file structure_14.txt (compact mmCIF, C-alpha atoms)
# COMPACT_ATOMS: atom_id res chain seq x y z
CA MET A 1 7.31 -19.48 -3.42
CA MET A 2 10.64 -17.80 -2.71
CA GLU A 3 12.39 -17.43 0.63
CA PRO A 4 12.76 -13.85 1.92
CA GLY A 5 16.20 -12.33 1.45
CA THR A 6 17.25 -14.80 -1.26
CA ILE A 7 19.48 -13.22 -3.90
CA PRO A 8 18.28 -14.62 -7.24
CA GLN A 9 20.78 -15.60 -9.93
CA LYS A 10 18.16 -15.23 -12.66
CA GLU A 11 14.76 -13.59 -12.97
CA PRO A 12 12.27 -15.59 -10.84
CA ILE A 13 8.65 -16.51 -11.52
CA ILE A 14 6.43 -15.29 -8.66
CA LYS A 15 2.91 -15.76 -7.31
CA VAL A 16 0.67 -12.78 -6.45
CA ALA A 17 -2.68 -13.25 -4.68
CA ILE A 18 -5.21 -10.92 -6.32
CA VAL A 19 -8.32 -12.26 -4.53
CA LEU A 20 -7.78 -13.28 -0.90
CA PRO A 21 -9.88 -15.64 1.22
CA ASP A 22 -10.70 -12.68 3.50
CA ASP A 23 -12.39 -10.96 0.55
CA ASN A 24 -15.20 -13.54 0.92
CA PHE A 25 -15.94 -13.66 -2.79
CA LYS A 26 -18.23 -16.45 -3.97
CA LYS A 27 -17.96 -15.57 -7.67
CA ILE A 28 -15.30 -14.12 -9.94
CA VAL A 29 -16.05 -12.93 -13.47
CA ILE A 30 -13.35 -12.65 -16.11
CA ASN A 31 -13.28 -11.45 -19.70
CA THR A 32 -10.88 -12.82 -22.28
CA PRO A 33 -9.15 -10.32 -24.59
CA GLU A 34 -9.80 -9.88 -28.29
CA ASN A 35 -6.59 -11.58 -29.35
CA GLY A 36 -4.08 -14.15 -28.16
CA ARG A 37 -4.45 -17.70 -26.89
CA TYR A 38 -5.58 -18.74 -23.41
CA VAL A 39 -6.05 -22.30 -22.22
CA LEU A 40 -8.21 -23.39 -19.26
CA VAL A 41 -6.73 -26.35 -17.34
CA ASP A 42 -8.51 -28.27 -14.56
CA GLY A 43 -7.02 -29.97 -11.50
CA CYS A 44 -6.41 -33.19 -13.45
CA GLY A 45 -4.59 -31.48 -16.31
CA VAL A 46 -7.46 -31.60 -18.81
CA SER A 47 -7.41 -28.45 -20.94
CA VAL A 48 -9.70 -26.52 -23.25
CA ASP A 49 -9.04 -23.38 -25.30
CA LEU A 50 -10.90 -20.29 -24.11
CA LEU A 51 -12.91 -18.28 -26.60
CA LEU A 52 -11.69 -14.73 -27.15
CA ASN A 53 -13.66 -11.64 -26.17
CA GLU A 54 -15.99 -13.70 -23.96
CA ARG A 55 -17.20 -13.74 -20.36
CA TYR A 56 -16.46 -16.63 -17.97
CA GLU A 57 -17.72 -17.05 -14.41
CA PHE A 58 -15.99 -18.94 -11.60
CA HIS A 59 -18.31 -19.90 -8.72
CA LEU A 60 -17.27 -21.33 -5.36
CA ASP A 61 -19.36 -24.43 -4.51
CA ASP A 62 -18.19 -26.15 -1.31
CA ASN A 63 -14.66 -27.34 -2.13
CA GLU A 64 -15.04 -27.07 -5.87
CA ILE A 65 -15.07 -24.26 -8.38
CA VAL A 66 -17.74 -24.25 -11.06
CA VAL A 67 -16.88 -22.57 -14.37
CA VAL A 68 -19.79 -21.15 -16.37
CA LEU A 69 -18.87 -21.07 -20.06
CA PRO A 70 -20.25 -18.50 -22.52
CA ASN A 71 -22.79 -21.08 -23.77
CA LYS A 72 -23.94 -21.59 -20.12
CA GLU A 73 -22.39 -25.06 -19.96
CA THR A 74 -20.72 -25.71 -16.59
CA LEU A 75 -17.51 -27.48 -15.61
CA ARG A 76 -16.37 -28.46 -12.11
CA SER A 77 -12.93 -28.93 -10.55
CA SER A 78 -11.08 -28.30 -7.29
CA LYS A 79 -8.73 -25.97 -9.17
CA TRP A 80 -8.61 -24.11 -12.47
CA VAL A 81 -5.68 -22.39 -14.18
CA ILE A 82 -5.92 -20.03 -17.15
CA LYS A 83 -2.64 -20.44 -19.02
CA ASP A 84 -1.27 -17.44 -20.90
CA ASP A 85 -0.03 -19.14 -24.08
CA ASN A 86 0.96 -15.98 -25.96
CA ASN A 87 4.01 -14.49 -27.60
CA PRO A 88 5.82 -12.29 -25.00
CA ALA A 89 5.91 -9.50 -27.60
CA LEU A 90 2.17 -8.95 -27.02
CA PHE A 91 2.81 -7.74 -23.45
CA GLY A 92 1.84 -4.10 -22.93
CA PRO A 93 -0.77 -1.78 -21.41
CA ARG A 94 -4.08 -3.54 -20.62
CA TYR A 95 -2.68 -6.86 -21.72
CA GLY A 96 -4.12 -10.11 -20.38
CA ILE A 97 -7.26 -11.50 -18.76
CA LYS A 98 -9.59 -8.89 -17.29
CA VAL A 99 -10.59 -9.88 -13.73
CA LYS A 100 -13.71 -8.00 -12.71
CA ASN A 101 -14.24 -6.18 -9.40
CA VAL A 102 -10.95 -6.86 -7.63
CA ILE A 103 -10.69 -5.21 -4.19
CA ILE A 104 -8.00 -2.57 -3.90
CA GLY A 105 -7.26 -0.59 -0.75
CA ARG A 106 -8.37 -3.38 1.61
CA ARG A 107 -9.13 -1.92 5.06
CA PHE A 108 -8.01 1.55 3.94
CA HIS A 109 -9.91 4.79 3.32
CA TRP A 110 -9.46 4.46 -0.47
CA ARG A 111 -11.03 0.96 -0.70
CA LYS A 112 -12.83 0.33 -3.99
CA LEU A 113 -13.51 -2.32 -6.63
CA MET A 114 -11.59 -2.24 -9.89
CA ASP A 115 -11.46 -4.27 -13.09
CA MET A 116 -7.87 -5.46 -13.38
CA TYR A 117 -5.98 -6.69 -16.46
CA VAL A 118 -3.73 -9.58 -15.45
CA PRO A 119 -0.72 -10.85 -17.44
CA GLY A 120 0.60 -14.38 -17.07
CA ASP A 121 -1.28 -17.37 -15.65
CA VAL A 122 -4.31 -17.04 -13.37
CA ALA A 123 -5.19 -19.81 -10.88
CA PHE A 124 -8.55 -20.23 -9.12
CA CYS A 125 -8.24 -22.29 -5.90
CA VAL A 126 -10.16 -23.14 -2.75
CA HIS A 127 -8.41 -22.28 0.52
CA ASN A 128 -10.16 -23.37 3.71
CA GLY A 129 -13.55 -23.02 2.07
CA HIS A 130 -12.81 -19.62 0.53
CA LEU A 131 -11.94 -18.49 -2.97
CA LEU A 132 -8.30 -17.66 -3.70
CA VAL A 133 -7.12 -16.26 -7.05
CA ILE A 134 -3.39 -16.22 -7.84
CA ASN A 135 -1.52 -14.52 -10.67
CA GLU A 136 1.73 -16.23 -11.70
CA LEU A 137 4.18 -14.13 -13.72
CA SER A 138 7.82 -13.07 -13.98
CA LEU A 139 9.23 -10.70 -11.37
CA GLU A 140 10.14 -8.04 -13.93
CA LYS A 141 6.64 -7.93 -15.42
CA TYR A 142 5.29 -7.62 -11.87
CA ILE A 143 7.69 -4.74 -11.13
CA MET A 144 6.68 -2.95 -14.35
CA CYS A 145 3.10 -3.00 -13.12
CA VAL A 146 3.91 -1.96 -9.53
CA ALA A 147 5.43 1.37 -10.54
CA THR A 148 2.24 2.73 -12.13
CA SER A 149 -0.01 0.99 -9.62
CA GLU A 150 1.69 2.90 -6.82
CA MET A 151 1.88 6.25 -8.66
CA GLY A 152 0.68 7.77 -11.91
CA ALA A 153 2.14 7.33 -15.38
CA LYS A 154 3.10 11.02 -15.70
CA CYS A 155 5.80 10.77 -13.04
CA PRO A 156 9.30 11.58 -14.36
CA LYS A 157 11.75 8.88 -15.41
CA SER A 158 14.17 9.16 -12.46
CA PHE A 159 11.31 8.77 -10.01
CA LEU A 160 9.89 5.69 -11.78
CA GLU A 161 13.32 4.07 -11.92
CA ALA A 162 13.99 4.77 -8.23
CA LEU A 163 10.59 3.38 -7.26
CA THR A 164 11.20 0.31 -9.44
CA ILE A 165 14.49 -0.48 -7.70
CA ALA A 166 12.91 0.07 -4.26
CA ALA A 167 9.91 -2.12 -5.15
CA ARG A 168 12.13 -4.93 -6.47
CA SER A 169 14.28 -4.75 -3.32
CA TRP A 170 11.28 -4.74 -1.00
CA PHE A 171 9.81 -7.75 -2.80
CA LEU A 172 12.95 -9.85 -2.51
CA ALA A 173 13.43 -8.90 1.14
CA ASN A 174 9.82 -9.71 2.07
CA THR A 175 8.61 -12.39 -0.34
CA GLY A 176 6.47 -15.02 1.36
CA VAL A 177 6.45 -13.24 4.73
CA LYS A 178 2.91 -11.86 4.93
CA HIS A 179 0.86 -14.57 3.19
CA LYS A 180 2.95 -17.71 3.63
CA GLU A 181 -0.09 -19.81 4.53
CA LEU A 182 -1.57 -19.09 1.08
CA GLY A 183 1.49 -20.33 -0.79
CA VAL A 184 2.06 -16.98 -2.50
CA ASP A 185 4.90 -14.46 -2.50
CA VAL A 186 2.79 -11.32 -2.01
CA CYS A 187 -0.75 -10.01 -2.37
CA ASN A 188 -1.85 -7.30 -4.79
CA ASP A 189 -2.53 -4.56 -2.25
CA ASP A 190 -1.09 -2.05 0.21
CA CYS A 191 -0.29 -4.63 2.87
CA CYS A 192 2.44 -5.73 0.43
CA GLN A 193 2.84 -3.57 -2.69
CA ARG A 194 0.17 -2.22 -5.00
CA TYR A 195 -0.14 -4.43 -8.05
CA GLN A 196 -2.97 -3.73 -10.45
CA GLY A 197 -1.70 -5.77 -13.36
CA THR A 198 -1.29 -4.01 -16.69
CA THR A 199 -4.31 -1.76 -16.02
CA PHE A 200 -2.20 1.40 -15.70
CA LEU A 201 0.94 0.09 -17.40
CA THR A 202 2.70 2.56 -19.69
CA LYS A 203 5.68 2.61 -21.99
CA GLU A 204 7.46 4.70 -19.33
CA SER A 205 6.99 2.10 -16.58
CA ILE A 206 8.07 -0.68 -18.94
CA ASP A 207 11.20 1.30 -19.85
CA SER A 208 11.91 2.06 -16.17
CA ALA A 209 11.87 -1.63 -15.27
CA SER A 210 13.93 -2.51 -18.34
CA CYS A 211 16.55 0.16 -17.54
CA THR A 212 16.86 -1.12 -13.96
CA TYR A 213 16.52 -4.84 -14.84
CA GLY A 214 17.80 -6.96 -11.94
CA LYS A 215 19.03 -3.95 -9.91
CA ILE A 216 18.56 -4.15 -6.15
CA LEU A 217 19.55 -2.08 -3.12
CA PHE A 218 22.08 -3.71 -0.80
CA TYR A 219 23.43 -2.90 2.64
CA ASP A 220 26.25 -5.01 4.12
CA ASP A 221 25.73 -7.72 1.44
CA LYS A 222 22.04 -8.10 2.28
CA ILE A 223 18.99 -6.99 0.31
CA VAL A 224 17.53 -3.77 1.68
CA ASP A 225 14.01 -3.94 3.12
CA ALA A 226 13.08 -0.88 1.08
CA ARG A 227 9.84 0.27 2.70
CA TYR A 228 8.07 3.29 1.24
CA SER A 229 4.91 5.29 1.83
CA LYS A 230 2.93 8.00 0.06
CA SER A 231 4.05 10.98 2.18
CA CYS A 232 6.27 11.14 5.24
CA GLY A 233 4.91 14.61 6.10
CA GLY A 234 8.39 16.12 5.97
CA ILE A 235 10.33 13.85 8.36
CA ILE A 236 11.39 10.29 7.52
CA GLU A 237 10.37 7.80 10.21
CA THR A 238 12.65 5.00 11.45
CA TYR A 239 11.82 1.34 10.86
CA HIS A 240 11.93 0.22 14.51
CA ASN A 241 9.40 2.87 15.60
CA ILE A 242 6.79 1.30 13.31
CA TRP A 243 7.61 -2.42 13.21
CA ASP A 244 9.07 -4.83 15.73
CA GLY A 245 12.77 -5.51 15.60
CA ASP A 246 16.11 -3.88 16.13
CA PRO A 247 17.04 -0.56 14.52
CA ILE A 248 18.11 -0.88 10.88
CA PRO A 249 21.26 1.06 9.92
CA TYR A 250 19.91 2.36 6.60
CA SER A 251 16.57 3.42 8.13
CA LYS A 252 17.41 6.75 9.70
CA SER A 253 15.21 9.69 10.61
CA LYS A 254 15.96 13.04 9.05
CA ILE A 255 14.14 15.95 7.53
CA ASP A 256 13.05 15.02 4.03
CA GLY A 257 14.72 18.05 2.55
CA PRO A 258 17.96 19.40 1.08
CA PRO A 259 21.23 18.75 2.93
CA GLY A 260 21.71 21.26 5.73
CA TYR A 261 18.05 22.24 5.94
CA SER A 262 16.92 22.67 9.56
CA HIS A 263 13.74 23.58 11.38
CA PRO A 264 13.09 24.70 14.98
CA GLY A 265 10.54 21.87 15.36
CA TYR A 266 13.11 19.16 14.60
CA PRO A 267 14.05 16.92 16.29
CA ILE A 268 10.55 16.35 17.68
CA ASP A 269 11.11 15.72 21.37
CA SER A 270 8.08 17.47 22.89
CA GLU A 271 4.45 18.23 22.07
CA ASP A 272 5.31 21.90 21.66
CA LYS A 273 7.93 21.12 19.02
CA PHE A 274 5.57 18.78 17.21
CA LEU A 275 2.96 21.55 17.07
CA LEU A 276 5.59 23.97 15.79
CA TRP A 277 6.41 21.51 13.01
CA LEU A 278 2.80 20.54 12.26
CA ASN A 279 1.47 24.11 12.03
CA ASP A 280 4.25 25.24 9.71
CA LYS A 281 4.93 24.54 6.04
CA PRO A 282 8.58 23.48 6.12
CA GLN A 283 10.49 23.44 2.83
CA THR A 284 10.73 19.67 2.45
CA TYR A 285 10.66 17.61 -0.74
CA CYS A 286 7.07 16.42 -0.17
CA SER A 287 5.72 19.90 0.64
CA SER A 288 4.07 22.36 -1.72
CA TYR A 289 7.41 24.15 -2.10
CA TYR A 290 8.42 21.33 -4.43
CA ILE A 291 5.00 20.09 -5.67
CA PRO A 292 1.97 22.39 -5.35
CA GLU A 293 -1.03 20.48 -3.99
CA LYS A 294 -3.10 21.38 -7.06
CA GLU A 295 -0.54 19.64 -9.32
CA LEU A 296 -0.34 16.39 -7.33
CA ALA A 297 -3.39 14.77 -8.92
CA LYS A 298 -1.70 14.25 -12.28
CA TYR A 299 1.11 12.27 -10.62
CA LEU A 300 -1.00 10.05 -8.37
CA GLY A 301 -2.00 6.52 -9.22
CA GLY A 302 -5.47 5.29 -10.11
CA VAL A 303 -6.28 4.35 -6.50
CA ASP A 304 -5.50 7.40 -4.42
CA VAL A 305 -8.12 10.01 -3.73
CA GLU A 306 -7.37 13.63 -4.49
CA SER A 307 -6.70 15.26 -1.16
CA ARG A 308 -4.08 16.97 0.97
CA TYR A 309 -1.18 14.65 1.67
CA PHE A 310 1.34 16.87 3.44
CA ARG A 311 -1.08 18.34 6.03
CA TRP A 312 -4.69 17.32 6.61
CA LEU A 313 -7.68 17.72 8.96
CA VAL A 314 -10.36 15.31 10.14
CA ASN A 315 -13.31 16.67 12.13
CA TYR A 316 -15.48 14.52 14.41
CA SER A 317 -18.49 15.33 16.52
CA GLN A 318 -18.55 13.68 19.94
CA GLN A 319 -21.06 11.16 18.67
CA GLN A 320 -19.11 10.36 15.51
CA LEU A 321 -15.82 9.77 17.29
CA ASN A 322 -17.44 7.73 20.04
CA GLU A 323 -19.18 5.51 17.50
CA VAL A 324 -15.94 4.87 15.61
CA VAL A 325 -13.92 4.10 18.75
CA LYS A 326 -16.64 1.87 20.23
CA SER A 327 -16.99 -0.15 17.05
CA LYS A 328 -13.23 -0.59 16.61
CA LEU A 329 -12.22 -1.23 20.22
CA GLY A 330 -15.39 -2.72 21.73
CA ILE A 331 -15.26 -0.44 24.77
CA ASN A 332 -18.31 0.60 26.81
CA SER A 333 -17.88 4.33 26.21
CA LYS A 334 -20.60 6.96 26.50
CA PHE A 335 -18.34 9.97 25.83
CA ILE A 336 -14.77 10.38 24.60
CA LEU A 337 -12.98 12.75 26.96
CA ASP A 338 -9.46 13.06 25.56
CA MET A 339 -6.76 11.49 23.39
CA ILE A 340 -3.20 11.77 24.70
CA ALA A 341 0.01 10.94 22.82
CA LEU A 342 2.12 8.84 25.20
CA ASN A 343 4.92 8.28 22.71
CA ARG A 344 5.88 9.69 19.34
CA GLY A 345 8.35 8.45 16.76
CA ALA A 346 10.95 10.63 15.09
CA SER A 347 8.47 11.91 12.47
CA GLY A 348 5.85 12.81 15.09
CA ARG A 349 3.88 9.62 14.44
CA ILE A 350 2.18 8.47 17.61
CA THR A 351 3.20 4.94 18.54
CA LYS A 352 1.29 4.83 21.86
CA LEU A 353 -2.01 6.64 22.37
CA GLN A 354 -4.23 6.87 25.45
CA ILE A 355 -7.97 7.40 24.94
CA ASP A 356 -9.83 8.67 28.00
CA TYR A 357 -13.59 8.10 28.08
CA MET A 358 -16.62 8.03 30.34
CA ASN A 359 -18.55 4.78 30.55
CA PHE A 360 -22.30 4.37 30.98
CA LYS A 361 -21.90 4.24 34.76
CA GLY A 362 -20.49 7.77 34.68
CA GLU A 363 -17.02 6.48 35.56
CA LYS A 364 -13.84 7.68 33.86
CA ASP A 365 -11.78 4.97 32.16
CA SER A 366 -9.05 4.72 29.54
CA VAL A 367 -7.58 2.42 26.92
CA VAL A 368 -4.05 2.48 25.54
CA LEU A 369 -3.33 1.70 21.89
CA ASP A 370 0.10 0.39 20.89
CA GLY A 371 1.41 0.79 17.34
CA GLU A 372 0.73 3.33 14.61
CA SER A 373 -1.32 0.87 12.56
CA LYS A 374 -3.72 0.10 15.40
CA ILE A 375 -4.04 3.81 16.19
CA ARG A 376 -4.89 4.64 12.57
CA ASN A 377 -7.37 1.80 12.34
CA SER A 378 -9.09 2.68 15.63
CA LEU A 379 -9.72 6.35 14.81
CA SER A 380 -11.40 5.94 11.43
CA LYS A 381 -14.15 3.83 9.90
CA LYS A 382 -11.56 2.76 7.35
CA PHE A 383 -8.02 3.96 8.12
CA LEU A 384 -6.64 7.29 9.30
CA TYR A 385 -4.12 8.90 6.93
CA SER A 386 -1.23 8.69 9.41
CA SER A 387 -0.60 8.69 13.16
CA ALA A 388 1.39 11.96 13.04
CA PHE A 389 -1.39 14.10 14.46
CA TYR A 390 -2.50 16.42 17.24
CA VAL A 391 -6.01 16.50 18.70
CA GLU A 392 -7.86 19.73 19.41
CA LYS A 393 -10.98 19.53 21.61
CA LYS A 394 -13.88 21.95 21.31
CA PRO A 395 -14.69 23.64 23.59
CA ASN A 396 -11.21 23.40 25.03
CA GLY A 397 -11.21 22.59 28.75
CA SER A 398 -14.70 21.10 28.72
CA ASP A 399 -15.24 17.90 30.69
CA ILE A 400 -17.14 16.47 27.73
CA PRO A 401 -15.98 18.02 24.43
CA ARG A 402 -18.56 18.47 21.67
CA GLU A 403 -16.07 18.20 18.78
CA PHE A 404 -12.60 16.91 18.01
CA THR A 405 -10.30 18.10 15.24
CA ILE A 406 -7.44 15.80 14.28
CA LYS A 407 -4.66 17.79 12.57
CA GLY A 408 -2.18 15.53 10.85
CA ALA A 409 0.91 15.23 8.67
CA GLY A 410 1.69 12.73 5.92
CA TRP A 411 -0.01 9.64 4.52
CA GLY A 412 1.23 6.21 5.54
CA HIS A 413 3.90 4.94 7.91
CA GLY A 414 6.62 7.35 6.74
CA VAL A 415 9.47 4.80 6.70
CA GLY A 416 11.97 4.70 3.84
CA MET A 417 11.14 6.40 0.57
CA CYS A 418 8.52 9.15 0.71
CA GLN A 419 6.93 8.75 -2.73
CA ILE A 420 5.78 12.35 -3.00
CA GLY A 421 9.16 13.51 -1.66
CA ALA A 422 10.97 11.36 -4.22
CA LEU A 423 8.70 12.82 -6.87
CA GLY A 424 9.64 16.33 -5.70
CA MET A 425 13.33 15.44 -5.92
CA SER A 426 12.86 14.01 -9.41
CA LEU A 427 11.04 17.10 -10.66
CA LYS A 428 13.98 19.20 -9.47
CA GLY A 429 16.48 17.14 -11.45
CA PHE A 430 17.82 14.70 -8.83
CA THR A 431 19.08 11.37 -10.20
CA VAL A 432 17.96 7.84 -9.37
CA GLU A 433 21.02 7.43 -7.15
CA ASP A 434 20.39 10.77 -5.40
CA ILE A 435 16.85 9.71 -4.54
CA LEU A 436 17.62 6.19 -3.33
CA TYR A 437 20.70 7.11 -1.29
CA HIS A 438 18.76 9.96 0.34
CA TYR A 439 16.05 7.61 1.64
CA TYR A 440 18.17 4.49 2.26
CA THR A 441 21.34 5.68 3.97
CA ASN A 442 24.71 4.15 2.98
CA THR A 443 23.20 1.56 0.65
CA GLU A 444 24.38 0.65 -2.85
CA ILE A 445 22.66 -0.38 -6.07
CA VAL A 446 23.77 -3.80 -7.37
CA LYS A 447 22.69 -5.68 -10.50
CA VAL A 448 22.14 -9.32 -9.47
CA TYR A 449 20.85 -10.78 -12.74

call {"tool": "encode", "arguments": {"input": "structure_14.txt", "output": "structure tokens"}}
result
Amino acid sequence: MMEPGTIPQKEPIIKVAIVLPDDNFKKIVINTPENGRYVLVDGCGVSVDLLLNERYEFHLDDNEIVVVLPNKETLRSSKWVIKDDNNPALFGPRYGIKVKNVIIGRRFHWRKLMDMYVPGDVAFCVHNGHLLVINELSLEKYIMCVATSEMGAKCPKSFLEALTIAARSWFLANTGVKHKELGVDVCNDDCCQRYQGTTFLTKESIDSASCTYGKILFYDDKIVDARYSKSCGGIIETYHNIWDGDPIPYSKSKIDGPPGYSHPGYPIDSEDKFLLWLNDKPQTYCSSYYIPEKELAKYLGGVDVESRYFRWLVNYSQQQLNEVVKSKLGINSKFILDMIALNRGASGRITKLQIDYMNFKGEKDSVVLDGESKIRNSLSKKFLYSSAFYVEKKPNGSDIPREFTIKGAGWGHGVGMCQIGALGMSLKGFTVEDILYHYYTNTEIVKVY
């Protein structure tokens, strides 16, 4: 496992958790491909060749993992590793072991199960009584897969190359931070970066990683923490409004649009100005002026649902909203009375929200939510698209509203690169450098290996 912020002198080998202990899986099924050579190794180093085009099951049994072979024979060990013993030239789309029913979109509104093709070695371990599956592979192969896990294969070359450099930079700045206790560098999902193996890999994403091999964003001789999200909603958010820590010089808020573009709703320093911004369709890179909503689907990755990313609506009845809030916050609410933005970030994302409610004694009470992630989690059964929203109550002025409409902007935290905005720039002919220097102010691209 690497240390965060380390500048590698050569391409590193990394570990990606693809099944986490929190997934609570008791069994994992894999299929071997039709060609190649794969070797199964137990915790003592004893190995056996795997048959090709066959199904293998890995069952958790106390602190051991039982492997069920195609002939129904079983083997037991505390750890198993499938070694990828193939010629590197075989690497390509849908290459590797197929791991069945991997969770993608954990705790988000797009959560689903997906069969994932995994290159490199695959380890099956027991961690505190739970199953942990780790993919070990080279950083560049990982980055090739990230680009078309995050977005679709039809994205233009300059966008894929920009995303590849950002993803490589983010990885090196954050490796080992979020899942250190598991002994891995990152996980396969949105809490780190989307990694779905070679499932959606294309020649274009391979070429994009090859063209940018070893290139990383730097600021003041340090690797840039190159955060990115699906859609900023038209205004880039600053790092320190979303995560703890001091302001970061290259994370600046600005309209995600052409130089000199202005709007009467920006800067957002009042609720009236936020409403002016929200209810308009400003000419930003992630708006329909650059990419019509009906054309977005062909550029999105295999995970995202087809929906409205720039502006969106969520409608709740009183009962629906109360049930969601009660289940997420554990409060004794009978009715939700109001939701009040106490603080907004530069993009309009709410960072502190007050929820007023009536309890079962008929008394008025309130709870305050800190942080955009907690706000998004608390207002949806899965995860709200973003915290840049305004709440309309129906009927307006009623002591106990019957309905609530949440009108929002953007998908995700909005910090750093706006993927749909970067796509809009790419479609209009902007270069890799144009895109990266727009989202990460005063940085530079450096080849480190």

call {"tool": "closest_residue", "arguments": {"input": "structure_14.txt", "among": "A:Met144, A:Ile336, A:Val446, A:Met2", "to": "Arg194 (chain A)", "atoms": "all atoms listed in the file"}}
result
A:Met144

call {"tool": "residues_around", "arguments": {"input": "structure_14.txt", "residues": "Gly345 (chain A)", "least_positions_apart": "2", "cutoff": "9 Å", "atoms": "only C-alpha atoms", "output": "list in words"}}
result
Glu237, Thr238, Asn241, Ile242, Ile268, Asn343, Ser347, Gly348, Arg349, Ile350, Thr351 and Ala388 of chain A

call {"tool": "residues_around", "arguments": {"input": "structure_14.txt", "residues": "region 34-44 of chain A", "least_positions_apart": "3", "cutoff": "7 Å", "atoms": "only C-alpha atoms", "output": "list in words"}}
result
Ser47, Val48, Asp49, Leu50, Leu52, Asn53, Ser77, Ser78, Lys79, Trp80, Val81, Ile82, Lys83, Asp84, Asp85 and Asn86 of chain A

call {"tool": "atom_distance", "arguments": {"input": "structure_14.txt", "atom1": "CA of Val415 (chain A)", "atom2": "CA of Arg344 (chain A)"}}
result
14.0 Å

call {"tool": "residues_near_point", "arguments": {"input": "structure_14.txt", "point": "(7.8, -13.7, -11.2)", "cutoff": "10 Å", "atoms": "only C-alpha atoms", "output": "JSON, numbers by chain"}}
result
{"A": [1, 2, 11, 12, 13, 14, 15, 16, 120, 135, 136, 137, 138, 139, 140, 141, 142, 143, 185]}

call {"tool": "closest_residue", "arguments": {"input": "structure_14.txt", "among": "A:Gly129, A:Gly233, A:Pro8, A:Pro119", "to": "Lys407 (chain A)", "atoms": "only C-alpha atoms"}}
result
A:Gly233
